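Engineer: Dumping the structure here so I can ask a few things about it.
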Protein chains: 2
Amino acid sequence: MQEERRLAVLRAIVEDYVATEEPVGSRALVERHGLGVSPATVRNDMAALEDEGYITQPHTSAGRVPTDKGYRLFVDRLTTVKPMSTAEKRAISTFLEGAVDLDDVVGRSVRLLSQLTRQVAVVQYPTLSRSTVRHVELVALAPNRLLLVLILSTGRVEQRVVELAEDLGDDDLAALRRRVNGIATGAQISVAVAVLRDLAEDPHAEATTRVVVETLAEAMSDHRSDERLVVGGAANLARYGDSFDSAVRPLLEAIEEHVVLLRLLGEATTGGLVTVRIGAEGPVEQLSSTSVVTTGYGPHDDALATLGVVGPTRMDYPGTMAAVRAVARYVSRILDEA
Amino acid sequence: MQEERRLAVLRAIVEDYVATEEPVGSRALVERHGLGVSPATVRNDMAALEDEGYITQPHTSAGRVPTDKGYRLFVDRLTTVKPMSTAEKRAISTFLEGAVDLDDVVGRSVRLLSQLTRQVAVVQYPTLSRSTVRHVELVALAPNRLLLVLILSTGRVEQRVVELAEDLGDDDLAALRRRVNGIATGAQISVAVAVLRDLAEDPHAEATTRVVVETLAEAMSDHRSDERLVVGGAANLARYGDSFDSAVRPLLEAIEEHVVLLRLLGEATTGGLVTVRIGAEGPVEQLSSTSVVTTGYGPHDDALATLGVVGPTRMDYPGTMAAVRAVARYVSRILDEA
DNA sequence: TCTTGGCACTCTGAACAGGCGAGTGCCAAC
DNA sequence: GTTGGCACTCGCCTGTTCAGAGTGCCAAGA
């Protein structure tokens with residue numbers, strides 16, 4: 001039972017610190033939370049918690065602040081992800097409902113997430129590799145220039161221009177279009193790429209066919225698109241105010257470097273599970289004072305990509321986790337419909 | 001001739017202040033620039049410049065700092081936009097050369113511009129209204145669902161999904177495709193929209209045709225796309241360091257609010273002219289300590305959109321103007337080719 | 001009439017000292 | 001195991017001092 005109270009004290013410390021951004025002392029703690037014991041008792045508990053590494057004091061005669069380990073315990077054992085209110089749910093769903101295409105869905109998600117959490121939001125575009133080809137279109141820009149348009153099941157559109165060695169008639173173009181679509185349409189990207197590559201290397205095939213097919217395969221396997229992501233809510237960084245150098249600067253730099261952000265997002269998790277990485281647990285050492293809350297999303301509960309929030313270790317974990325989970329769920333549903 | 005020297009003094013003050021970020025005093029001035037006169041003389045000139053409002057001192061017994069008016073004079077009369085070195089030119093051109101599509105061109109331009117200027121770069125997508133339709137593609141997702149893909153001369157692709165009241169056979173689809181392309185392909189957006197709208201309102205036309213045509217017209221006239229822009233180099237804000245609240249915060253907020261940024265970019269200028277708006281000259285009062293350097297770009301010297309840089313009033317104007325102009329020129333050339 | 005050296009003056013920013021208060025740790029009593 | 005009491009430790013705030021940078025102005029010189 002002391003054990004229980006100690007955890008209550010830790011939870012109270014975390015909550016107060018997140019709210020006030022100031023080290024929290026024993027007196028304030030008993031006053032604000034109805035702990036039913038005296039400050040002295042709380043002090044004993046605090047001393048114990050400090051011994052175990054869950055909290056520290058910035059300096060003697062200051063209140064206590066949670067450590068990364070403290071936040072970790074808080075998230076693992078003390079957090080019940082609070083469900084969103086129905087009003088919030090409705091707001092989310094109407095906000096996302098109006099999207100006209102994939103870009104729009106992603107854009108809206110970032111904005112929504114950053115506004116809900118008042119933090120920096122990151123949304124990764126759905127991966128190509130697991131999606132299927134919906135249609136390939138070939139448009140003649142000139143007799144010897146072709147625009148390839150690749151439309152995927154996720155709603156993404158890729159385009160490439162190819163120069164041909166020789167002019168191509170309308171009939172040839174139509175035949176090529178039929179052929180390519182015969183191969184690719186409906187197939188999974190990975191499969192389509194393999195077949196197209198084979199054809200591209202077939203010495204019996206026409207040069208024109210080969211270059212077109214090769215470019216298509218390239219466009220499909222181009223991992224640039226896997227790595228596309230959108231960031232929003234950078235203005236929320238302004239609220240950091242203090243700790244500019246230690247927190248804001250590296251984060252701003254990470255935001256520019258999408259490669260770093262991708263590492264930060266990590267693997268997509270499925271089934272409504274939310275991943276929380278606290279401080280130095282993350283893969284980027286410059287960001288040792290920021291936490292990352294992510295989850296996967298995609299149609300049919302297939303985690304095609306990751307979305308989440310980056311913020312100070314001192315953040316409202318329950319609220320952020322709830323928001324991330326909710327947005328992922330609604331975005332997935334929208335992708336279902338499309 | 002004193003007049004001349006005074007201007008030299010102003011130029012020296014601006015250059016030194018931009019370089020050191022510190023108020024510049026009379027002694028430092030004569031030492032660093034070979035002005036050939038004594039500090040006392042410079043002091044007299046400074047007093048005159050201050051009377052005329054070109055410089056101020058933050059407080060008595062500090063050096064001088066240029067005012068907005070001072071920067072204005074500097075830009076108007078004292079600046080010779082220094083041409084880029086051939087190495088820089090080549091770097092720019094190879095960096096932009098590798099772009100595969102419009103998104104890529106825009107993305108690379110932002111990155112390039114922000115790296116060249118070490119500032120926040122903004123690139124607006126080419127406007128729809130002046131571009132022409134290259135091709136319209138209709139893809140049957142299901143018998144009663146159609147994906148419309150609209151390909152424009154600028155390389156932009158718009159897509160929409162329409163639900164049809166009744167199923168559509170392959171032949172009907174092909175006929176519709178021919179018809180729509182007959183109307184739109186090659187036409188200017190504004191013309192195409194007008195014709196399509198007419199058809200959409202024609203009571204004799206089939207319902208299916210009408211809904212498709214209507215959606216297309218909508219996609220074409222959708223001004224969302226005019227307003228799309230990409231921002232990069234926010235990490236450079238970290239270099240502000242001081243003046244966080246007065247400069248960085250409002251800028252971060254503006255970066256999120258694309259509407260504000262669009263106002264900030266203003267009208268696109270043609271013919272290699274670079275617009276410079278200094279401090280409060282701009283339309284956004286929160287950004288009274290930031291300057292904006294912009295120019296128009298587009299194929300065939302047709303200013304379809306604006307691109308530029310946002311930074312502190314205390315910036316390297318000659319260098320920034322040169323970079324903005326150079327990037328605009330190269331991007332325009334690339335759009336020419338496409 | 002412009003330039004220059006000299007000099008008194010002003011103001012900022014850094015460094016330092018002292019007092020206040022929040023918060024702790026420990027101990028003895030319950 | 002809990003509680004009240006008490007001495008103690010620091011960080012923060014305030015006030016003061018001081019050096020340095022830079023100015024404005026004046027009188028002398030070109």
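The chains in the structure tokens are called A, B, ... from first to last as shown; in each chain the residues are counted from 1, and the ligands are counted from 1 in the order shown.
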Show me, as a list in words, the residues that have an atom within 12 Å of segment 24-26 of chain D when counting only C-alpha atoms (C1' of nucleotides), minus same-chain residues fewer than 2 positions from it.
Structural biologist: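 Listing them by chain and then by number gives Ala40, Arg43, Asn44, Met46, Ala47, Thr60 and Ser61 of chain B; DT4, DG5, DG6, DC7, DA8, DC9 and DT10 of chain C; DG22 and DA28 of chain D.
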Engineer: Output N, CA and C atoms (P, O5', C5', C4', C3', O3' and C1' of nucleotides) for every residue in that selection, as a PDB file, in the first residue's frame.
Structural biologist:
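Contents of selection_38.pdb, as written:
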```pdb
ATOM      1  N   ALA B  40      36.112  60.718 -35.794  1.00  0.00           N
ATOM      2  CA  ALA B  40      35.309  61.910 -35.476  1.00  0.00           C
ATOM      3  C   ALA B  40      34.491  62.339 -36.682  1.00  0.00           C
ATOM      4  N   ARG B  43      31.707  60.168 -37.140  1.00  0.00           N
ATOM      5  CA  ARG B  43      30.661  60.455 -36.153  1.00  0.00           C
ATOM      6  C   ARG B  43      29.737  61.562 -36.638  1.00  0.00           C
ATOM      7  N   ASN B  44      30.368  62.581 -37.240  1.00  0.00           N
ATOM      8  CA  ASN B  44      29.533  63.663 -37.777  1.00  0.00           C
ATOM      9  C   ASN B  44      28.570  63.134 -38.832  1.00  0.00           C
ATOM     10  N   MET B  46      27.524  60.161 -39.144  1.00  0.00           N
ATOM     11  CA  MET B  46      26.521  59.328 -38.508  1.00  0.00           C
ATOM     12  C   MET B  46      25.405  60.178 -37.918  1.00  0.00           C
ATOM     13  N   ALA B  47      25.805  61.254 -37.275  1.00  0.00           N
ATOM     14  CA  ALA B  47      24.795  62.131 -36.685  1.00  0.00           C
ATOM     15  C   ALA B  47      23.833  62.615 -37.758  1.00  0.00           C
ATOM     16  N   THR B  60      21.814  55.360 -25.967  1.00  0.00           N
ATOM     17  CA  THR B  60      22.973  56.243 -25.977  1.00  0.00           C
ATOM     18  C   THR B  60      24.221  55.421 -25.706  1.00  0.00           C
ATOM     19  N   SER B  61      25.295  55.844 -26.267  1.00  0.00           N
ATOM     20  CA  SER B  61      26.575  55.167 -26.059  1.00  0.00           C
ATOM     21  C   SER B  61      26.608  53.751 -26.616  1.00  0.00           C
TER      22      SER B  61
ATOM     23  P    DT C   4      39.892  63.820 -41.237  1.00  0.00           P
ATOM     24  O5'  DT C   4      40.454  64.200 -39.801  1.00  0.00           O
ATOM     25  C5'  DT C   4      41.539  65.109 -39.711  1.00  0.00           C
ATOM     26  C4'  DT C   4      41.763  65.501 -38.270  1.00  0.00           C
ATOM     27  C3'  DT C   4      41.656  64.344 -37.269  1.00  0.00           C
ATOM     28  O3'  DT C   4      42.854  64.247 -36.537  1.00  0.00           O
ATOM     29  C1'  DT C   4      40.437  66.225 -36.519  1.00  0.00           C
ATOM     30  P    DG C   5      43.314  62.881 -35.959  1.00  0.00           P
ATOM     31  O5'  DG C   5      43.561  63.277 -34.426  1.00  0.00           O
ATOM     32  C5'  DG C   5      44.471  64.323 -34.127  1.00  0.00           C
ATOM     33  C4'  DG C   5      44.137  64.930 -32.780  1.00  0.00           C
ATOM     34  C3'  DG C   5      44.047  63.918 -31.635  1.00  0.00           C
ATOM     35  O3'  DG C   5      44.865  64.382 -30.566  1.00  0.00           O
ATOM     36  C1'  DG C   5      42.075  65.259 -31.711  1.00  0.00           C
ATOM     37  P    DG C   6      44.936  63.643 -29.200  1.00  0.00           P
ATOM     38  O5'  DG C   6      43.840  64.439 -28.339  1.00  0.00           O
ATOM     39  C5'  DG C   6      43.846  65.865 -28.357  1.00  0.00           C
ATOM     40  C4'  DG C   6      42.855  66.373 -27.332  1.00  0.00           C
ATOM     41  C3'  DG C   6      42.746  65.496 -26.088  1.00  0.00           C
ATOM     42  O3'  DG C   6      42.602  66.322 -24.941  1.00  0.00           O
ATOM     43  C1'  DG C   6      40.634  65.655 -27.123  1.00  0.00           C
ATOM     44  P    DC C   7      42.827  65.771 -23.484  1.00  0.00           P
ATOM     45  O5'  DC C   7      41.373  65.956 -22.843  1.00  0.00           O
ATOM     46  C5'  DC C   7      40.611  67.121 -23.151  1.00  0.00           C
ATOM     47  C4'  DC C   7      39.176  66.899 -22.741  1.00  0.00           C
ATOM     48  C3'  DC C   7      38.998  65.939 -21.564  1.00  0.00           C
ATOM     49  O3'  DC C   7      38.056  66.466 -20.667  1.00  0.00           O
ATOM     50  C1'  DC C   7      37.658  65.247 -23.343  1.00  0.00           C
ATOM     51  P    DA C   8      38.077  66.035 -19.149  1.00  0.00           P
ATOM     52  O5'  DA C   8      36.554  66.278 -18.757  1.00  0.00           O
ATOM     53  C5'  DA C   8      35.820  67.344 -19.381  1.00  0.00           C
ATOM     54  C4'  DA C   8      34.409  66.885 -19.672  1.00  0.00           C
ATOM     55  C3'  DA C   8      33.759  66.111 -18.526  1.00  0.00           C
ATOM     56  O3'  DA C   8      32.425  66.559 -18.386  1.00  0.00           O
ATOM     57  C1'  DA C   8      33.691  64.814 -20.488  1.00  0.00           C
ATOM     58  P    DC C   9      31.511  66.066 -17.209  1.00  0.00           P
ATOM     59  O5'  DC C   9      30.514  65.110 -17.991  1.00  0.00           O
ATOM     60  C5'  DC C   9      29.938  65.558 -19.216  1.00  0.00           C
ATOM     61  C4'  DC C   9      29.094  64.449 -19.794  1.00  0.00           C
ATOM     62  C3'  DC C   9      28.404  63.585 -18.736  1.00  0.00           C
ATOM     63  O3'  DC C   9      27.019  63.548 -19.020  1.00  0.00           O
ATOM     64  C1'  DC C   9      29.553  62.232 -20.315  1.00  0.00           C
ATOM     65  P    DT C  10      26.050  62.784 -17.997  1.00  0.00           P
ATOM     66  O5'  DT C  10      25.648  61.537 -18.897  1.00  0.00           O
ATOM     67  C5'  DT C  10      25.450  61.730 -20.306  1.00  0.00           C
ATOM     68  C4'  DT C  10      25.114  60.398 -20.917  1.00  0.00           C
ATOM     69  C3'  DT C  10      24.277  59.497 -20.019  1.00  0.00           C
ATOM     70  O3'  DT C  10      23.251  58.926 -20.806  1.00  0.00           O
ATOM     71  C1'  DT C  10      26.248  58.367 -20.682  1.00  0.00           C
TER      72       DT C  10
ATOM     73  P    DG D  22      32.437  50.242 -29.604  1.00  0.00           P
ATOM     74  O5'  DG D  22      31.713  51.643 -29.544  1.00  0.00           O
ATOM     75  C5'  DG D  22      30.333  51.674 -29.206  1.00  0.00           C
ATOM     76  C4'  DG D  22      29.951  53.098 -28.946  1.00  0.00           C
ATOM     77  C3'  DG D  22      30.485  54.067 -30.010  1.00  0.00           C
ATOM     78  O3'  DG D  22      29.430  54.648 -30.748  1.00  0.00           O
ATOM     79  C1'  DG D  22      30.778  54.889 -27.801  1.00  0.00           C
ATOM     80  P    DA D  28      41.261  77.120 -29.411  1.00  0.00           P
ATOM     81  O5'  DA D  28      42.199  76.354 -30.444  1.00  0.00           O
ATOM     82  C5'  DA D  28      42.864  75.145 -30.027  1.00  0.00           C
ATOM     83  C4'  DA D  28      43.261  74.364 -31.250  1.00  0.00           C
ATOM     84  C3'  DA D  28      44.001  75.190 -32.315  1.00  0.00           C
ATOM     85  O3'  DA D  28      45.115  74.456 -32.782  1.00  0.00           O
ATOM     86  C1'  DA D  28      42.159  74.117 -33.289  1.00  0.00           C
TER      87       DA D  28
END
```
Engineer: To test your reading of the structure, identify every residue in segment 187-302 of chain A that backbone DSSP assigns to strand (DSSP E), and report it as a VMD selection string.
Structural biologist: chain A and resid 229 to 232 275 to 277 290 to 297
Engineer: Using N, CA and C atoms, can you export the residues from the last selection as a CSV table (one decimal), in the first residue's frame?
Structural biologist:
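Listed below is the output, again.csv:
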```
chain,number,residue,atom,x,y,z
A,229,LEU,N,7.0,12.6,-46.3
A,229,LEU,CA,6.2,12.8,-45.1
A,229,LEU,C,5.9,14.3,-45.0
A,230,VAL,N,4.9,14.6,-44.2
A,230,VAL,CA,4.5,16.0,-44.0
A,230,VAL,C,4.6,16.3,-42.5
A,231,VAL,N,5.1,17.5,-42.3
A,231,VAL,CA,5.2,18.0,-40.9
A,231,VAL,C,4.4,19.2,-40.7
A,232,GLY,N,3.8,19.3,-39.5
A,232,GLY,CA,3.0,20.5,-39.3
A,232,GLY,C,3.0,20.9,-37.8
A,275,THR,N,2.9,3.6,-29.9
A,275,THR,CA,4.3,3.5,-29.4
A,275,THR,C,4.7,4.8,-28.8
A,276,VAL,N,5.3,4.8,-27.6
A,276,VAL,CA,5.9,6.0,-27.0
A,276,VAL,C,7.4,5.8,-26.8
A,277,ARG,N,8.1,6.8,-27.4
A,277,ARG,CA,9.5,6.7,-27.1
A,277,ARG,C,9.9,8.0,-26.3
A,290,THR,N,13.3,15.0,-26.2
A,290,THR,CA,12.0,15.0,-26.9
A,290,THR,C,11.4,13.6,-26.9
A,291,SER,N,10.1,13.5,-26.8
A,291,SER,CA,9.5,12.2,-26.9
A,291,SER,C,8.7,12.1,-28.2
A,292,VAL,N,8.5,10.9,-28.6
A,292,VAL,CA,7.8,10.6,-29.9
A,292,VAL,C,6.6,9.7,-29.6
A,293,VAL,N,5.4,10.1,-30.0
A,293,VAL,CA,4.3,9.2,-29.8
A,293,VAL,C,3.8,8.9,-31.2
A,294,THR,N,3.8,7.6,-31.6
A,294,THR,CA,3.4,7.2,-32.9
A,294,THR,C,2.5,6.0,-33.0
A,295,THR,N,1.8,5.8,-34.1
A,295,THR,CA,1.1,4.6,-34.4
A,295,THR,C,1.0,4.4,-35.9
A,296,GLY,N,0.7,3.2,-36.3
A,296,GLY,CA,0.5,2.9,-37.7
A,296,GLY,C,-0.9,3.2,-38.2
A,297,TYR,N,-1.0,3.4,-39.5
A,297,TYR,CA,-2.4,3.5,-40.0
A,297,TYR,C,-2.4,3.0,-41.4
```
Engineer: Taking only C-alpha atoms into account, report as a compact mmCIF listing (two decimals) with C-alpha atoms, in the first residue's frame which residues of chain B lie within 6 Å of chain A.
Structural biologist:
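Okay, result-v4.txt is ready:
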```txt
# COMPACT_ATOMS: atom_id res chain seq x y z
CA ALA B 235 16.02 25.24 -39.21
CA ALA B 238 17.54 28.66 -35.08
CA ARG B 249 7.63 33.12 -33.14
CA LEU B 252 6.92 30.18 -37.32
CA GLU B 253 3.27 31.00 -37.11
```
Engineer: Leaving out segment 175-191 of chain B and any residue of its chain fewer than 2 positions from it, which residues lie within 6 Å of it when counting only C-alpha atoms (C1' of nucleotides), given as number ranges by chain?
Structural biologist: B: 129, 131-136, 172-173, 193-194
Engineer: Considering only C-alpha atoms (C1' of nucleotides), give me a table of residues in chain C that are at most 12 Å from chain A, with the closest atom pair and distance in Å for each, as a tab-separated table.
Structural biologist:
```
residue	atom	partner	partner_atom	distance
C:DG21	C1'	A:Ser61	CA	10.4
C:DA22	C1'	A:Ser61	CA	7.0
C:DG23	C1'	A:Ser61	CA	4.6
C:DT24	C1'	A:Ser61	CA	5.4
C:DG25	C1'	A:Arg43	CA	8.8
C:DC26	C1'	A:Asn44	CA	10.5
```
Engineer: With N, CA and C atoms (P, O5', C5', C4', C3', O3' and C1' of nucleotides) retained, write the just-selected residues as an mmCIF file, in the first residue's frame.
Structural biologist:
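File again_20.cif, as written:
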```cif
data_model
loop_
_atom_site.group_PDB
_atom_site.id
_atom_site.type_symbol
_atom_site.label_atom_id
_atom_site.label_comp_id
_atom_site.auth_asym_id
_atom_site.auth_seq_id
_atom_site.Cartn_x
_atom_site.Cartn_y
_atom_site.Cartn_z
ATOM 1 P P DG C 21 10.435 36.376 2.414
ATOM 2 O "O5'" DG C 21 10.389 34.997 1.621
ATOM 3 C "C5'" DG C 21 10.507 35.027 0.199
ATOM 4 C "C4'" DG C 21 10.605 33.603 -0.305
ATOM 5 C "C3'" DG C 21 9.710 32.613 0.445
ATOM 6 O "O3'" DG C 21 9.179 31.697 -0.493
ATOM 7 C "C1'" DG C 21 11.947 31.887 0.542
ATOM 8 P P DA C 22 7.855 30.895 -0.161
ATOM 9 O "O5'" DA C 22 8.063 29.647 -1.119
ATOM 10 C "C5'" DA C 22 8.815 29.818 -2.331
ATOM 11 C "C4'" DA C 22 9.603 28.568 -2.587
ATOM 12 C "C3'" DA C 22 8.875 27.290 -2.183
ATOM 13 O "O3'" DA C 22 9.004 26.335 -3.214
ATOM 14 C "C1'" DA C 22 10.989 27.375 -1.133
ATOM 15 P P DG C 23 8.137 25.005 -3.182
ATOM 16 O "O5'" DG C 23 9.187 23.980 -2.593
ATOM 17 C "C5'" DG C 23 10.389 23.740 -3.326
ATOM 18 C "C4'" DG C 23 11.304 22.956 -2.452
ATOM 19 C "C3'" DG C 23 10.606 21.790 -1.743
ATOM 20 O "O3'" DG C 23 11.087 20.544 -2.229
ATOM 21 C "C1'" DG C 23 12.046 22.998 -0.285
ATOM 22 P P DT C 24 10.604 19.190 -1.539
ATOM 23 O "O5'" DT C 24 11.961 18.641 -0.924
ATOM 24 C "C5'" DT C 24 13.178 18.914 -1.595
ATOM 25 C "C4'" DT C 24 14.325 18.804 -0.608
ATOM 26 C "C3'" DT C 24 14.298 17.505 0.182
ATOM 27 O "O3'" DT C 24 15.424 16.704 -0.148
ATOM 28 C "C1'" DT C 24 14.626 19.411 1.619
ATOM 29 P P DG C 25 15.357 15.166 0.186
ATOM 30 O "O5'" DG C 25 16.139 15.068 1.581
ATOM 31 C "C5'" DG C 25 17.347 15.771 1.746
ATOM 32 C "C4'" DG C 25 17.881 15.554 3.143
ATOM 33 C "C3'" DG C 25 17.650 14.147 3.706
ATOM 34 O "O3'" DG C 25 18.810 13.760 4.427
ATOM 35 C "C1'" DG C 25 16.514 15.746 5.064
ATOM 36 P P DC C 26 18.932 12.313 5.082
ATOM 37 O "O5'" DC C 26 18.645 12.590 6.624
ATOM 38 C "C5'" DC C 26 19.278 13.698 7.249
ATOM 39 C "C4'" DC C 26 18.684 13.914 8.620
ATOM 40 C "C3'" DC C 26 18.367 12.623 9.390
ATOM 41 O "O3'" DC C 26 18.888 12.734 10.694
ATOM 42 C "C1'" DC C 26 16.491 14.033 9.369
#
```
Engineer: Please compute the atom CA of Glu31 of chain B-atom CA of Tyr17 of chain B distance, one decimal, in Å.
Structural biologist: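 Between these atoms lies a distance of 14.4 Å.
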Engineer: Could you list the residues in chain D lying within 9 Å of chain A, using only C-alpha atoms (C1' of nucleotides), and format the result as a list in words?
Structural biologist: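 Output check: DG1, DT2, DT3, DG4, DT9, DC10 and DG11 of chain D.
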Engineer: Fewer than 5 positions away in the same chain doesn't count, so skip those; otherwise give me all residues within 10 Å of Ala142 of chain A, counting only C-alpha atoms (C1' of nucleotides), as an NGL selection string.
Structural biologist: :A and (147 or 163-164 or 167-168)
Engineer: Can you spit out the residues from that selection as a short mmCIF file (atom, residue, chain, number, x, y, z; two decimals), in the first residue's frame, using N, CA and C atoms?
Structural biologist:
```cif
data_model
loop_
_atom_site.label_atom_id
_atom_site.label_comp_id
_atom_site.auth_asym_id
_atom_site.auth_seq_id
_atom_site.Cartn_x
_atom_site.Cartn_y
_atom_site.Cartn_z
N LEU A 147 4.26 10.69 -71.55
CA LEU A 147 4.06 10.93 -70.12
C LEU A 147 3.45 9.67 -69.53
N GLU A 163 11.67 9.92 -72.99
CA GLU A 163 12.00 10.27 -74.37
C GLU A 163 12.18 8.96 -75.13
N LEU A 164 11.57 8.86 -76.30
CA LEU A 164 11.69 7.63 -77.07
C LEU A 164 12.69 7.82 -78.20
N ASP A 167 9.58 7.58 -83.10
CA ASP A 167 8.20 8.02 -82.93
C ASP A 167 7.26 6.83 -82.74
N LEU A 168 6.14 7.13 -82.10
CA LEU A 168 5.20 6.06 -81.77
C LEU A 168 3.82 6.44 -82.31
#
```
Engineer: Give me, as number ranges by chain, all polymer residues having an atom no more than 10 Å from DG15 of chain D, counting only C-alpha atoms (C1' of nucleotides) and skipping those fewer than 2 positions away in the same chain.
Structural biologist: C: 17-18; D: 13, 17
Engineer: Pick out the residues sitting within 12 Å of segment 48-55 of chain B, and hand them over as a short mmCIF file (atom, residue, chain, number, x, y, z; two decimals) with N, CA and C atoms, in the first residue's frame; count only C-alpha atoms (C1' of nucleotides), and ignore anything fewer than 3 positions along from it in its own chain.
Structural biologist:
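Done, and the output landed in part_0.cif:
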```
data_model
loop_
_atom_site.label_atom_id
_atom_site.label_comp_id
_atom_site.auth_asym_id
_atom_site.auth_seq_id
_atom_site.Cartn_x
_atom_site.Cartn_y
_atom_site.Cartn_z
N GLN B 2 30.77 65.05 -49.58
CA GLN B 2 30.46 64.54 -48.24
C GLN B 2 29.27 63.61 -48.40
N GLU B 3 28.36 64.08 -49.25
CA GLU B 3 27.18 63.28 -49.54
C GLU B 3 27.58 61.85 -49.92
N ARG B 5 30.39 60.34 -49.28
CA ARG B 5 30.99 59.61 -48.18
C ARG B 5 29.94 59.13 -47.20
N ARG B 6 28.94 59.98 -47.02
CA ARG B 6 27.87 59.56 -46.11
C ARG B 6 27.24 58.26 -46.56
N LEU B 7 26.98 58.19 -47.85
CA LEU B 7 26.41 56.95 -48.36
C LEU B 7 27.38 55.79 -48.14
N ALA B 8 28.67 56.08 -48.33
CA ALA B 8 29.66 55.04 -48.08
C ALA B 8 29.58 54.59 -46.63
N VAL B 9 29.40 55.56 -45.74
CA VAL B 9 29.30 55.23 -44.32
C VAL B 9 28.08 54.35 -44.08
N LEU B 10 26.96 54.73 -44.67
CA LEU B 10 25.74 53.94 -44.50
C LEU B 10 25.97 52.51 -44.98
N ARG B 11 26.53 52.41 -46.18
CA ARG B 11 26.80 51.08 -46.72
C ARG B 11 27.68 50.29 -45.77
N ALA B 12 28.72 50.94 -45.25
CA ALA B 12 29.63 50.25 -44.34
C ALA B 12 28.90 49.79 -43.08
N ILE B 13 28.03 50.67 -42.58
CA ILE B 13 27.27 50.30 -41.38
C ILE B 13 26.41 49.08 -41.66
N VAL B 14 25.69 49.12 -42.78
CA VAL B 14 24.82 47.99 -43.10
C VAL B 14 25.65 46.72 -43.22
N TYR B 17 26.97 45.61 -39.84
CA TYR B 17 25.91 45.17 -38.93
C TYR B 17 25.39 43.80 -39.36
N PRO B 23 25.64 46.52 -33.03
CA PRO B 23 25.68 47.93 -33.38
C PRO B 23 27.12 48.32 -33.71
N VAL B 24 27.30 49.11 -34.75
CA VAL B 24 28.67 49.40 -35.16
C VAL B 24 29.05 50.82 -34.82
N GLY B 25 30.23 50.95 -34.22
CA GLY B 25 30.71 52.25 -33.78
C GLY B 25 31.65 52.89 -34.78
N THR B 41 35.12 62.30 -37.84
CA THR B 41 34.41 62.67 -39.07
C THR B 41 33.23 61.74 -39.30
N VAL B 42 33.53 60.46 -39.14
CA VAL B 42 32.47 59.48 -39.32
C VAL B 42 31.34 59.76 -38.35
N ARG B 43 31.71 60.17 -37.14
CA ARG B 43 30.66 60.46 -36.15
C ARG B 43 29.74 61.56 -36.64
N ASN B 44 30.37 62.58 -37.24
CA ASN B 44 29.53 63.66 -37.78
C ASN B 44 28.57 63.13 -38.83
N ASP B 45 29.12 62.33 -39.72
CA ASP B 45 28.26 61.77 -40.76
C ASP B 45 27.14 60.94 -40.16
N PRO B 58 20.45 51.97 -30.54
CA PRO B 58 19.56 51.27 -29.62
C PRO B 58 19.49 51.99 -28.28
N GLY B 63 26.66 51.70 -30.55
CA GLY B 63 26.91 51.98 -31.96
C GLY B 63 25.61 52.20 -32.69
N ARG B 64 25.69 52.35 -34.02
CA ARG B 64 24.48 52.59 -34.81
C ARG B 64 24.01 51.32 -35.49
N VAL B 65 22.71 51.33 -35.74
CA VAL B 65 22.04 50.23 -36.41
C VAL B 65 21.21 50.82 -37.53
N PRO B 66 21.17 50.18 -38.70
CA PRO B 66 20.37 50.73 -39.79
C PRO B 66 18.87 50.65 -39.46
N THR B 67 18.11 51.63 -39.88
CA THR B 67 16.65 51.54 -39.79
C THR B 67 16.12 50.90 -41.07
N ASP B 68 14.82 50.63 -41.10
CA ASP B 68 14.23 50.11 -42.34
C ASP B 68 14.52 51.06 -43.49
N LYS B 69 14.40 52.35 -43.20
CA LYS B 69 14.66 53.35 -44.23
C LYS B 69 16.11 53.25 -44.73
N GLY B 70 17.00 52.97 -43.78
CA GLY B 70 18.40 52.82 -44.14
C GLY B 70 18.61 51.63 -45.06
N TYR B 71 17.99 50.50 -44.70
CA TYR B 71 18.10 49.32 -45.56
C TYR B 71 17.53 49.62 -46.94
N ARG B 72 16.43 50.33 -46.94
CA ARG B 72 15.78 50.66 -48.21
C ARG B 72 16.75 51.42 -49.12
N LEU B 73 17.37 52.45 -48.56
CA LEU B 73 18.34 53.21 -49.35
C LEU B 73 19.48 52.32 -49.81
N PHE B 74 19.91 51.48 -48.90
CA PHE B 74 21.00 50.55 -49.22
C PHE B 74 20.63 49.69 -50.41
#
```
Engineer: DSSP on the backbone: which residues in segment 31-177 of chain B end up as helix (DSSP H, G or I)? Give the answer as a PyMOL selection string.
Structural biologist: chain B and resi 31-32+39-51+68-78+86-97+102-117+170-177
Engineer: Find the residues around Glu337 of chain B up to 10 Å (only C-alpha atoms (C1' of nucleotides) counted), leave out those fewer than 5 positions away in its own chain, and share them as a list in words.
Structural biologist: Pro299, His300 and Ser332 of chain B
